[in-house]
>>> print(open('data.cif').read())   # mmCIF, C-alpha atoms
data_data
#
loop_
_atom_site.label_atom_id
_atom_site.label_comp_id
_atom_site.auth_asym_id
_atom_site.auth_seq_id
_atom_site.Cartn_x
_atom_site.Cartn_y
_atom_site.Cartn_z
CA MET S 1 -65.23 -9.46 3.90
CA THR S 2 -64.72 -12.99 2.70
CA GLY S 3 -64.88 -12.40 -1.05
CA ARG S 4 -61.70 -12.25 -3.08
CA ILE S 5 -61.17 -8.65 -4.11
CA GLU S 6 -58.83 -7.87 -6.96
CA PRO S 7 -56.22 -5.16 -6.43
CA MET S 8 -57.13 -2.72 -9.21
CA VAL S 9 -59.18 0.37 -8.40
CA GLY S 10 -61.36 2.20 -10.93
CA ARG S 11 -61.95 5.95 -10.95
CA TYR S 12 -62.88 8.75 -13.32
CA VAL S 13 -60.71 11.67 -14.31
CA HIS S 14 -61.94 14.77 -16.13
CA VAL S 15 -59.72 15.52 -19.10
CA GLU S 16 -59.88 18.20 -21.77
CA ILE S 17 -59.13 16.74 -25.18
CA ASP S 18 -58.82 19.27 -27.98
CA GLY S 19 -60.79 21.75 -25.87
CA THR S 20 -63.64 19.37 -25.12
CA PRO S 21 -64.22 18.06 -21.57
CA HIS S 22 -64.24 14.27 -21.26
CA ARG S 23 -64.91 12.01 -18.30
CA ILE S 24 -62.41 9.18 -18.62
CA TYR S 25 -62.63 5.92 -16.73
CA PHE S 26 -59.40 4.25 -15.71
CA GLU S 27 -58.27 1.41 -13.52
CA GLU S 28 -54.95 1.24 -11.79
CA ALA S 29 -52.89 -0.95 -9.53
CA GLY S 30 -49.38 -0.86 -8.14
CA GLN S 31 -46.79 1.77 -7.57
CA GLY S 32 -43.59 2.91 -9.18
CA ILE S 33 -42.99 3.53 -12.86
CA PRO S 34 -46.24 4.65 -14.52
CA LEU S 35 -47.28 2.17 -17.22
CA VAL S 36 -50.25 3.33 -19.30
CA CYS S 37 -52.00 0.57 -21.26
CA LEU S 38 -54.04 1.17 -24.42
CA HIS S 39 -56.77 -1.25 -25.49
CA THR S 40 -57.51 -2.45 -29.02
CA ALA S 41 -60.04 -0.88 -31.38
CA GLY S 42 -63.64 -1.50 -30.38
CA SER S 43 -62.79 -2.88 -26.95
CA ASP S 44 -61.91 -1.34 -23.58
CA GLY S 45 -59.49 -1.39 -20.68
CA ARG S 46 -60.77 -4.68 -19.29
CA GLN S 47 -58.35 -6.34 -21.69
CA TRP S 48 -55.59 -5.47 -19.23
CA ARG S 49 -57.16 -6.92 -16.09
CA HIS S 50 -54.68 -9.77 -15.78
CA LEU S 51 -51.70 -7.41 -15.99
CA LEU S 52 -53.33 -5.11 -13.42
CA ALA S 53 -53.71 -8.05 -11.06
CA ASP S 54 -50.13 -9.31 -11.46
CA GLU S 55 -48.26 -8.62 -8.24
CA GLU S 56 -44.88 -9.24 -9.83
CA PHE S 57 -45.48 -6.28 -12.11
CA THR S 58 -47.40 -3.99 -9.76
CA ARG S 59 -44.53 -4.19 -7.29
CA TYR S 60 -42.52 -1.93 -9.58
CA PHE S 61 -45.08 -0.41 -11.94
CA ARG S 62 -48.13 1.76 -11.44
CA ILE S 63 -50.20 0.09 -14.14
CA ILE S 64 -53.01 2.22 -15.52
CA ALA S 65 -55.56 1.18 -18.15
CA PHE S 66 -58.08 3.74 -19.37
CA ASP S 67 -61.11 3.40 -21.59
CA MET S 68 -60.93 5.63 -24.63
CA PRO S 69 -63.89 8.02 -25.00
CA TRP S 70 -66.88 6.11 -26.49
CA HIS S 71 -65.45 2.86 -25.06
CA GLY S 72 -66.15 0.86 -21.93
CA LYS S 73 -67.14 3.18 -19.08
CA SER S 74 -65.85 6.34 -20.77
CA ASN S 75 -68.97 7.82 -22.31
CA PRO S 76 -68.89 10.05 -25.35
CA PRO S 77 -68.33 13.68 -24.30
CA ALA S 78 -71.46 15.47 -23.08
CA SER S 79 -71.32 17.72 -26.13
CA TRP S 80 -71.51 14.85 -28.63
CA ASP S 81 -74.35 15.45 -31.08
CA GLY S 82 -74.43 11.95 -32.55
CA THR S 83 -72.27 12.65 -35.58
CA GLU S 84 -70.18 9.73 -36.80
CA TYR S 85 -67.36 8.86 -34.45
CA GLN S 86 -63.97 8.83 -36.16
CA LEU S 87 -60.67 8.41 -34.40
CA THR S 88 -57.78 10.28 -36.00
CA THR S 89 -54.06 10.17 -35.38
CA ALA S 90 -54.15 13.68 -33.92
CA ARG S 91 -57.13 12.97 -31.68
CA TYR S 92 -55.72 9.68 -30.42
CA THR S 93 -52.35 11.28 -29.66
CA GLN S 94 -54.03 14.19 -27.86
CA THR S 95 -56.14 11.79 -25.80
CA ILE S 96 -53.14 9.84 -24.52
CA ARG S 97 -51.07 12.93 -23.77
CA ALA S 98 -53.99 14.70 -22.08
CA PHE S 99 -54.74 11.66 -19.94
CA CYS S 100 -51.09 11.34 -18.86
CA ALA S 101 -50.96 15.06 -18.08
CA ALA S 102 -54.20 14.95 -16.10
CA LEU S 103 -52.71 12.27 -13.85
CA ASP S 104 -49.39 14.16 -13.63
CA LEU S 105 -47.52 11.08 -14.80
CA ASP S 106 -43.77 11.56 -14.93
CA LYS S 107 -42.34 10.03 -18.11
CA PRO S 108 -44.70 7.08 -18.25
CA VAL S 109 -44.23 3.91 -20.21
CA VAL S 110 -47.01 3.47 -22.76
CA MET S 111 -47.97 0.02 -23.98
CA GLY S 112 -50.67 -0.27 -26.63
CA CYS S 113 -52.15 -3.10 -28.63
CA SER S 114 -53.34 -3.00 -32.24
CA ILE S 115 -54.49 0.60 -32.78
CA GLY S 116 -52.74 1.16 -29.46
CA GLY S 117 -49.61 -0.34 -30.98
CA ARG S 118 -49.89 1.87 -34.02
CA ILE S 119 -50.29 5.04 -31.96
CA VAL S 120 -47.31 4.04 -29.87
CA LEU S 121 -45.27 4.35 -33.06
CA ASN S 122 -46.64 7.84 -33.55
CA LEU S 123 -45.73 8.73 -29.97
CA ALA S 124 -42.22 7.47 -30.71
CA ILE S 125 -42.04 9.64 -33.84
CA ASP S 126 -43.38 12.90 -32.41
CA HIS S 127 -43.22 12.80 -28.61
CA ALA S 128 -40.48 10.34 -27.63
CA SER S 129 -38.95 12.59 -24.97
CA GLU S 130 -42.18 12.49 -22.93
CA PHE S 131 -41.97 8.75 -22.37
CA ARG S 132 -39.68 6.37 -20.50
CA ALA S 133 -40.28 3.53 -22.94
CA LEU S 134 -42.86 2.53 -25.51
CA VAL S 135 -44.24 -0.95 -26.14
CA GLY S 136 -46.25 -1.79 -29.25
CA LEU S 137 -48.20 -5.03 -29.32
CA GLU S 138 -49.49 -6.13 -32.71
CA ALA S 139 -47.99 -2.93 -34.08
CA ALA S 140 -46.95 -2.00 -37.60
CA ASP S 141 -46.68 1.17 -39.65
CA PHE S 142 -49.40 -0.21 -41.95
CA GLN S 143 -51.12 -3.47 -42.71
CA ALA S 144 -53.22 -4.68 -45.61
CA PRO S 145 -56.99 -4.53 -44.94
CA TRP S 146 -58.81 -7.88 -44.88
CA TYR S 147 -62.47 -6.79 -44.71
CA ASP S 148 -64.73 -3.88 -45.54
CA THR S 149 -65.41 -1.92 -42.34
CA THR S 150 -68.80 -0.69 -43.57
CA TRP S 151 -70.19 -4.06 -42.41
CA LEU S 152 -69.46 -3.07 -38.82
CA ASN S 153 -72.26 -0.53 -38.52
CA ARG S 154 -75.40 -0.95 -40.58
CA PRO S 155 -78.95 -1.66 -39.48
CA ASP S 156 -79.30 -5.07 -41.16
CA VAL S 157 -76.25 -6.56 -39.42
CA HIS S 158 -75.98 -6.96 -35.64
CA GLY S 159 -72.99 -4.81 -34.74
CA GLY S 160 -71.95 -6.73 -31.65
CA GLU S 161 -72.20 -10.10 -33.35
CA VAL S 162 -70.33 -9.08 -36.46
CA CYS S 163 -67.55 -7.23 -34.63
CA ALA S 164 -66.91 -10.26 -32.41
CA ALA S 165 -67.20 -12.75 -35.27
CA LEU S 166 -64.73 -10.81 -37.41
CA VAL S 167 -62.08 -10.62 -34.72
CA SER S 168 -62.68 -14.15 -33.43
CA GLY S 169 -60.26 -15.43 -36.05
CA LEU S 170 -57.55 -13.21 -34.62
CA VAL S 171 -57.55 -15.20 -31.39
CA ALA S 172 -55.05 -18.06 -31.52
CA PRO S 173 -56.54 -21.57 -31.38
CA GLN S 174 -54.34 -22.34 -28.36
CA SER S 175 -55.90 -19.58 -26.25
CA PRO S 176 -58.03 -20.77 -23.32
CA ALA S 177 -61.75 -20.88 -24.07
CA GLU S 178 -62.70 -18.58 -21.20
CA ALA S 179 -60.15 -15.96 -22.22
CA ARG S 180 -61.30 -16.16 -25.84
CA MET S 181 -64.90 -15.71 -24.71
CA GLU S 182 -64.02 -12.73 -22.56
CA THR S 183 -61.99 -11.10 -25.32
CA LEU S 184 -64.89 -11.42 -27.76
CA TRP S 185 -67.47 -10.33 -25.18
CA ALA S 186 -65.99 -6.82 -25.13
CA TYR S 187 -66.50 -6.65 -28.89
CA LYS S 188 -70.13 -7.67 -28.47
CA GLN S 189 -70.58 -4.79 -26.04
CA GLY S 190 -69.15 -1.93 -28.06
CA GLY S 191 -71.30 1.05 -29.01
CA PRO S 192 -72.64 1.25 -32.57
CA GLY S 193 -69.99 2.43 -35.02
CA VAL S 194 -67.24 2.70 -32.42
CA PHE S 195 -65.10 -0.17 -33.71
CA LYS S 196 -65.58 1.18 -37.22
CA GLY S 197 -64.66 4.69 -36.06
CA ASP S 198 -61.48 3.40 -34.43
CA LEU S 199 -60.53 1.70 -37.65
CA TYR S 200 -60.68 5.04 -39.44
CA PHE S 201 -57.42 5.74 -37.62
CA TYR S 202 -56.08 2.28 -38.42
CA ARG S 203 -57.06 2.09 -42.06
CA VAL S 204 -57.26 5.64 -43.34
CA ASP S 205 -55.63 8.27 -41.16
CA GLY S 206 -52.81 6.45 -39.40
CA ASP S 207 -50.61 5.17 -42.19
CA LEU S 208 -47.12 5.67 -40.79
CA ARG S 209 -45.15 4.24 -43.69
CA GLY S 210 -42.15 6.42 -44.36
CA ARG S 211 -42.40 8.18 -41.01
CA THR S 212 -40.99 5.52 -38.68
CA LYS S 213 -37.42 6.21 -39.82
CA ALA S 214 -37.60 9.29 -37.60
CA ILE S 215 -37.86 7.18 -34.44
CA ASP S 216 -34.82 7.58 -32.19
CA THR S 217 -34.69 4.71 -29.72
CA SER S 218 -31.83 6.37 -27.85
CA VAL S 219 -34.36 8.99 -26.74
CA CYS S 220 -37.01 6.43 -25.85
CA PRO S 221 -36.59 2.63 -26.07
CA LEU S 222 -39.15 0.89 -28.28
CA TYR S 223 -40.27 -2.72 -28.03
CA LEU S 224 -42.52 -4.43 -30.56
CA LEU S 225 -44.17 -7.78 -29.87
CA THR S 226 -46.58 -9.51 -32.24
CA GLY S 227 -48.48 -12.79 -31.98
CA GLU S 228 -47.88 -15.42 -34.63
CA TYR S 229 -51.62 -16.01 -35.14
CA ASP S 230 -52.38 -12.36 -35.82
CA PHE S 231 -53.28 -12.25 -39.49
CA SER S 232 -54.40 -8.62 -39.22
CA CYS S 233 -51.06 -7.24 -38.06
CA MET S 234 -48.93 -10.15 -39.17
CA PRO S 235 -45.48 -10.77 -37.70
CA GLU S 236 -44.01 -9.84 -41.08
CA ASP S 237 -45.75 -6.45 -40.84
CA THR S 238 -44.05 -5.80 -37.52
CA VAL S 239 -40.69 -7.11 -38.72
CA ARG S 240 -40.93 -4.91 -41.84
CA THR S 241 -41.73 -1.91 -39.64
CA ALA S 242 -38.86 -2.68 -37.28
CA ALA S 243 -36.41 -2.91 -40.16
CA GLU S 244 -36.78 0.85 -40.56
CA ILE S 245 -36.10 1.62 -36.89
CA SER S 246 -32.60 1.45 -35.46
CA GLY S 247 -32.40 -0.08 -31.99
CA VAL S 248 -35.93 -1.42 -31.76
CA GLU S 249 -36.44 -4.82 -30.12
CA VAL S 250 -38.82 -7.20 -31.89
CA THR S 251 -40.39 -10.39 -30.58
CA VAL S 252 -42.76 -12.76 -32.34
CA MET S 253 -44.93 -14.37 -29.68
CA GLU S 254 -45.87 -17.99 -30.23
CA GLN S 255 -49.35 -19.34 -29.64
CA VAL S 256 -51.07 -15.98 -29.38
CA GLY S 257 -52.96 -13.80 -31.81
CA HIS S 258 -54.05 -10.16 -31.90
CA PHE S 259 -55.06 -9.84 -28.22
CA PRO S 260 -52.14 -11.29 -26.24
CA MET S 261 -52.92 -9.69 -22.88
CA SER S 262 -56.54 -10.85 -22.81
CA GLU S 263 -56.69 -13.98 -24.99
CA ASN S 264 -53.85 -15.80 -23.26
CA PRO S 265 -52.56 -13.85 -20.25
CA MET S 266 -50.15 -16.54 -19.12
CA GLN S 267 -48.51 -16.89 -22.50
CA PHE S 268 -48.31 -13.09 -22.84
CA ARG S 269 -46.70 -12.89 -19.43
CA ARG S 270 -43.77 -14.99 -20.62
CA TYR S 271 -43.01 -12.40 -23.26
CA ILE S 272 -43.81 -9.14 -21.51
CA ALA S 273 -42.08 -9.94 -18.21
CA PRO S 274 -38.53 -9.62 -19.63
CA VAL S 275 -39.50 -6.41 -21.45
CA LEU S 276 -40.83 -4.82 -18.28
CA GLU S 277 -37.76 -5.98 -16.41
CA LYS S 278 -35.49 -4.29 -18.97
CA ILE S 279 -37.49 -1.09 -18.66
CA ARG S 280 -37.29 -1.27 -14.88
CA GLN S 281 -33.53 -1.83 -14.88
CA LYS S 282 -32.79 0.94 -17.33
CA LYS S 283 -31.34 4.07 -15.74
CA PHE S 284 -32.87 7.37 -16.79
CA MET U 1 -60.37 -33.68 -58.84
CA LYS U 2 -63.19 -36.20 -58.38
CA LYS U 3 -66.18 -35.63 -56.16
CA SER U 4 -64.86 -38.36 -53.89
CA ASP U 5 -61.72 -36.44 -52.88
CA PRO U 6 -61.16 -36.05 -49.13
CA VAL U 7 -62.20 -32.38 -49.06
CA SER U 8 -65.43 -33.11 -50.92
CA GLU U 9 -66.13 -36.02 -48.59
CA ALA U 10 -65.83 -33.63 -45.67
CA PHE U 11 -68.38 -31.28 -47.27
CA ALA U 12 -70.69 -34.20 -47.89
CA ARG U 13 -70.53 -34.93 -44.14
CA LEU U 14 -71.28 -31.33 -43.16
CA ALA U 15 -75.06 -31.74 -42.77
CA MET U 16 -74.59 -34.78 -40.56
CA LEU U 17 -71.99 -33.00 -38.44
CA LEU U 18 -74.28 -29.99 -38.06
CA GLU U 19 -77.16 -32.16 -36.87
CA ARG U 20 -74.98 -33.20 -33.91
CA ASP U 21 -74.50 -29.56 -32.89
CA ALA U 22 -77.74 -28.24 -31.43
CA ALA U 23 -76.11 -25.01 -30.28
CA LEU U 24 -74.90 -24.17 -33.77
CA ILE U 25 -78.33 -24.89 -35.26
CA GLN U 26 -79.80 -22.62 -32.61
CA ARG U 27 -77.30 -19.89 -33.55
CA GLY U 28 -78.44 -20.13 -37.16
CA ARG U 29 -82.16 -20.34 -36.42
CA PHE U 30 -82.98 -17.20 -38.41
CA LEU U 31 -80.86 -18.19 -41.39
CA ASP U 32 -82.38 -19.29 -44.70
CA VAL U 33 -79.95 -19.19 -47.61
CA ASP U 34 -78.80 -21.06 -50.69
CA CYS U 35 -75.04 -20.80 -50.97
CA LEU U 36 -72.09 -22.36 -52.71
CA LEU U 37 -69.46 -23.84 -50.41
CA GLY U 38 -66.54 -26.10 -51.07
CA SER U 39 -63.20 -26.25 -52.74
CA THR U 40 -62.02 -24.50 -55.85
CA GLU U 41 -62.02 -27.96 -57.45
CA GLN U 42 -65.47 -29.07 -56.33
CA ALA U 43 -68.11 -26.84 -54.79
CA PHE U 44 -71.53 -27.78 -53.40
CA HIS U 45 -74.88 -26.05 -53.56
CA ILE U 46 -75.92 -26.03 -49.91
CA SER U 47 -79.43 -25.09 -48.84
CA ILE U 48 -79.83 -23.91 -45.27
CA ARG U 49 -83.24 -23.44 -43.65
CA ALA U 50 -83.63 -22.31 -40.03
CA GLY U 51 -79.96 -23.09 -39.46
CA ARG U 52 -80.16 -26.66 -40.78
CA ILE U 53 -78.61 -27.97 -43.99
CA ILE U 54 -81.52 -29.48 -45.88
CA ASP U 55 -79.77 -30.17 -49.17
CA THR U 56 -76.19 -30.64 -50.42
CA ALA U 57 -75.71 -31.01 -54.15
CA PRO U 58 -72.37 -31.08 -55.99
CA ALA U 59 -71.98 -28.24 -58.47
CA PRO U 60 -72.73 -27.65 -61.21
CA VAL U 61 -76.49 -27.98 -60.98
CA LEU U 62 -78.26 -26.74 -64.08
CA MET U 63 -79.51 -23.16 -63.61
CA ARG U 64 -79.32 -23.26 -59.80
CA SER U 65 -78.51 -19.90 -58.28
CA TRP U 66 -76.71 -19.07 -55.07
CA ARG U 67 -76.56 -16.00 -52.86
CA PHE U 68 -72.90 -16.15 -51.92
CA ALA U 69 -69.99 -18.49 -52.46
CA TYR U 70 -67.04 -19.34 -50.24
CA ARG U 71 -64.50 -21.54 -51.96
CA ALA U 72 -60.99 -22.38 -50.83
CA THR U 73 -58.22 -24.44 -52.35
CA PRO U 74 -58.10 -28.11 -51.29
CA GLN U 75 -54.75 -27.34 -49.67
CA ALA U 76 -56.38 -24.57 -47.63
CA TRP U 77 -59.22 -26.79 -46.39
CA THR U 78 -56.77 -29.53 -45.45
CA ALA U 79 -54.69 -27.03 -43.46
CA PHE U 80 -57.79 -25.35 -41.95
CA TRP U 81 -59.10 -28.68 -40.65
CA GLN U 82 -55.91 -29.69 -38.88
CA PRO U 83 -56.58 -30.23 -35.16
CA LEU U 84 -54.29 -27.27 -34.47
CA PRO U 85 -54.12 -25.28 -37.69
CA LYS U 86 -50.99 -23.31 -38.42
CA ALA U 87 -51.02 -19.54 -38.16
CA GLY U 88 -52.62 -17.95 -41.19
CA TRP U 89 -54.54 -21.13 -42.04
CA HIS U 90 -56.83 -21.04 -39.01
CA ASP U 91 -59.72 -18.74 -40.04
CA LEU U 92 -61.98 -18.32 -43.07
CA LEU U 93 -60.86 -14.72 -43.46
CA SER U 94 -57.18 -15.47 -42.99
CA LEU U 95 -57.59 -17.77 -45.99
CA THR U 96 -59.20 -15.03 -48.08
CA LYS U 97 -56.51 -12.57 -47.03
CA ARG U 98 -53.75 -14.93 -48.14
CA GLY U 99 -55.51 -15.60 -51.44
CA GLU U 100 -56.29 -19.24 -50.68
CA ALA U 101 -60.06 -18.67 -50.61
CA MET U 102 -62.60 -16.55 -52.44
CA LEU U 103 -65.74 -14.95 -51.04
CA GLU U 104 -68.13 -13.92 -53.80
CA GLY U 105 -71.69 -12.82 -54.46
CA ASP U 106 -74.07 -11.11 -52.05
CA ILE U 107 -72.19 -11.71 -48.80
CA GLN U 108 -74.82 -10.09 -46.53
CA PRO U 109 -76.10 -13.45 -45.19
CA PHE U 110 -72.53 -14.64 -44.69
CA ILE U 111 -71.54 -11.53 -42.73
CA THR U 112 -74.81 -11.45 -40.76
CA ASN U 113 -74.17 -15.03 -39.66
CA LEU U 114 -70.39 -14.90 -39.70
CA GLN U 115 -69.67 -16.89 -36.55
CA TYR U 116 -72.22 -19.50 -37.66
CA PHE U 117 -70.39 -20.03 -40.94
CA LYS U 118 -67.00 -20.01 -39.25
CA ASP U 119 -68.16 -22.69 -36.84
CA LEU U 120 -70.05 -24.66 -39.50
CA LEU U 121 -67.08 -24.85 -41.82
CA ALA U 122 -64.79 -25.79 -38.93
CA LEU U 123 -66.93 -28.82 -37.99
CA PRO U 124 -64.82 -31.29 -40.03
CA ARG U 125 -61.83 -30.28 -37.88
CA MET U 126 -63.41 -32.07 -34.94
CA SER U 127 -64.15 -35.18 -36.96
CA GLY U 128 -60.87 -35.85 -38.65
CA GLY U 129 -60.82 -33.08 -41.27
CA ALA U 130 -60.18 -34.14 -44.85
CA ARG U 131 -59.80 -37.87 -44.23
#
>>> encode(input="data.cif", output="structure tokens")
Amino acid sequence: MTGRIEPMVGRYVHVEIDGTPHRIYFEEAGQGIPLVCLHTAGSDGRQWRHLLADEEFTRYFRIIAFDMPWHGKSNPPASWDGTEYQLTTARYTQTIRAFCAALDLDKPVVMGCSIGGRIVLNLAIDHASEFRALVGLEAADFQAPWYDTTWLNRPDVHGGEVCAALVSGLVAPQSPAEARMETLWAYKQGGPGVFKGDLYFYRVDGDLRGRTKAIDTSVCPLYLLTGEYDFSCMPEDTVRTAAEISGVEVTVMEQVGHFPMSENPMQFRRYIAPVLEKIRQKKF
Amino acid sequence: MKKSDPVSEAFARLAMLLERDAALIQRGRFLDVDCLLGSTEQAFHISIRAGRIIDTAPAPVLMRSWRFAYRATPQAWTAFWQPLPKAGWHDLLSLTKRGEAMLEGDIQPFITNLQYFKDLLALPRMSGGAR
């Protein structure tokens, strides 16, 4: 073979979530500490492809990115009857824990972005002892809404176009054009109502204000990193959240927005490399 | 503020800037709308047909209606049109979120053509902003 082949390998794992069988697609690369990566609402695991291809990280981490059900190559469950998709805190938490259990991961690190960052906080509140460390990107206990999500799924508005156009402003102007394009492309490809259904968790069901005080970072270290150009989860949202959590480490990332790992992988690398190194060095 | 302020001058140039951008016109090819765009000090009735601006008239125009309005403070437009806008001043909806812009009326055509309007209203950024 003469073509350049990237190191990540994609497979499917069958997982029961809340008693329902799901066929979950995931990609992985590397060996060592399991590091499970959660994509943003309305997108899929492709957002993590640069991390999965980074040999500096895969030398010490088994990096795994899965597509949530209804996203990417993880179809809705076979039993789905077409009723409105709505992600809840309980369902999201079950999905992550069931996926980790299905792969027999031993105290994985979980890193999530946006809704993935929010659910990481919930994992820290309720299930900290199951994880080696937790990393929330663009994470806060709550943030003020800035648009009406009903526009995301209605027959007179193109869902792919509007989802991408809405989030396009969350990409920092410094991000490379090709990475911006690729980040938005995933939004153009999402199934009807899926982004909206994810935001049910974000906007309605997953308000963690008042609950984050329960996070004990001595049980599981927590790192929060937010891009300065993210006006959805603004740096002040993350800083406000962190003020309630003893021992959390907070970083505001310059020149990135809401999608650090996909909109500007090189800039993100500068910030995530020291976090992963700390996690690697920590004795458990 | 007079109609000759730098922000208003940028809006007056919008049709000309759009004519230079064939791809943006193509993106808006299904769009016909009469809207109100501009600053909170001076807005413009802008008529768009098949993605082209065919008329720009400073408001008020007697009894002229509009479908939706997007108006931002002069300060917001000046910041938005910087070559590298600061965080929070870089997107039409970051401006509404921070209370520096207002989106009013029947916003269906705005939302349906959201990237078109984002790109249209960013055109002055590439040509010197509010000069």
>>> closest_residue(input="data.cif", among="S:Tyr12, S:Thr150, S:Gly206, S:Pro173", to="U:Trp81", atoms="only C-alpha atoms")
S:Pro173
>>> interface_residues(input="data.cif", of="chain S", to="chain U", cutoff="8 Å", atoms="only C-alpha atoms", output="list of chain:residue names")
S:Trp146, S:Trp151, S:Asp156, S:Val157, S:His158, S:Glu161, S:Val162, S:Ala165, S:Leu166, S:Gly169, S:Ala172, S:Pro173, S:Gln174, S:Glu228, S:Tyr229, S:Asp230, S:Phe231
>>> atom_distance(input="data.cif", atom1="atom CA of S:Thr238", atom2="atom CA of S:Gly112")
13.9 Å
>>> atom_distance(input="data.cif", atom1="atom CA of S:Cys220", atom2="atom CA of S:Asp126")
11.2 Å
>>> residues_around(input="data.cif", residues="S:Phe26", least_positions_apart="2", cutoff="12 Å", atoms="all atoms listed in the file", output="PyMOL selection string")
chain S and resi 8-15+23-24+28-29+36-39+44-46+48-49+52+63-69+71-74+99-100+102-103
>>> residues_around(input="data.cif", residues="U:Leu123", least_positions_apart="6", cutoff="12 Å", atoms="only C-alpha atoms", output="ChimeraX atom specification")
/U:10-21,24,77,80-83,116-117,129-130
>>> closest_residue(input="data.cif", among="S:Lys188, S:Arg209, S:Lys278, S:Arg269", to="S:Ala53", atoms="only C-alpha atoms")
S:Arg269
>>> resolve_selection(input="data.cif", expression="the PyMOL selection byres ((chain U and resi 75) around 10)", output="list in words")
Val7, Ser39, Thr40, Ala72, Thr73, Pro74, Ala76, Trp77, Thr78, Ala79, Phe80, Trp89, Glu100 and Ala130 of chain U
>>> closest_residue(input="data.cif", among="S:Leu276, S:Arg4, S:Gly42, S:Asn264", to="S:Ala177", atoms="only C-alpha atoms")
S:Asn264
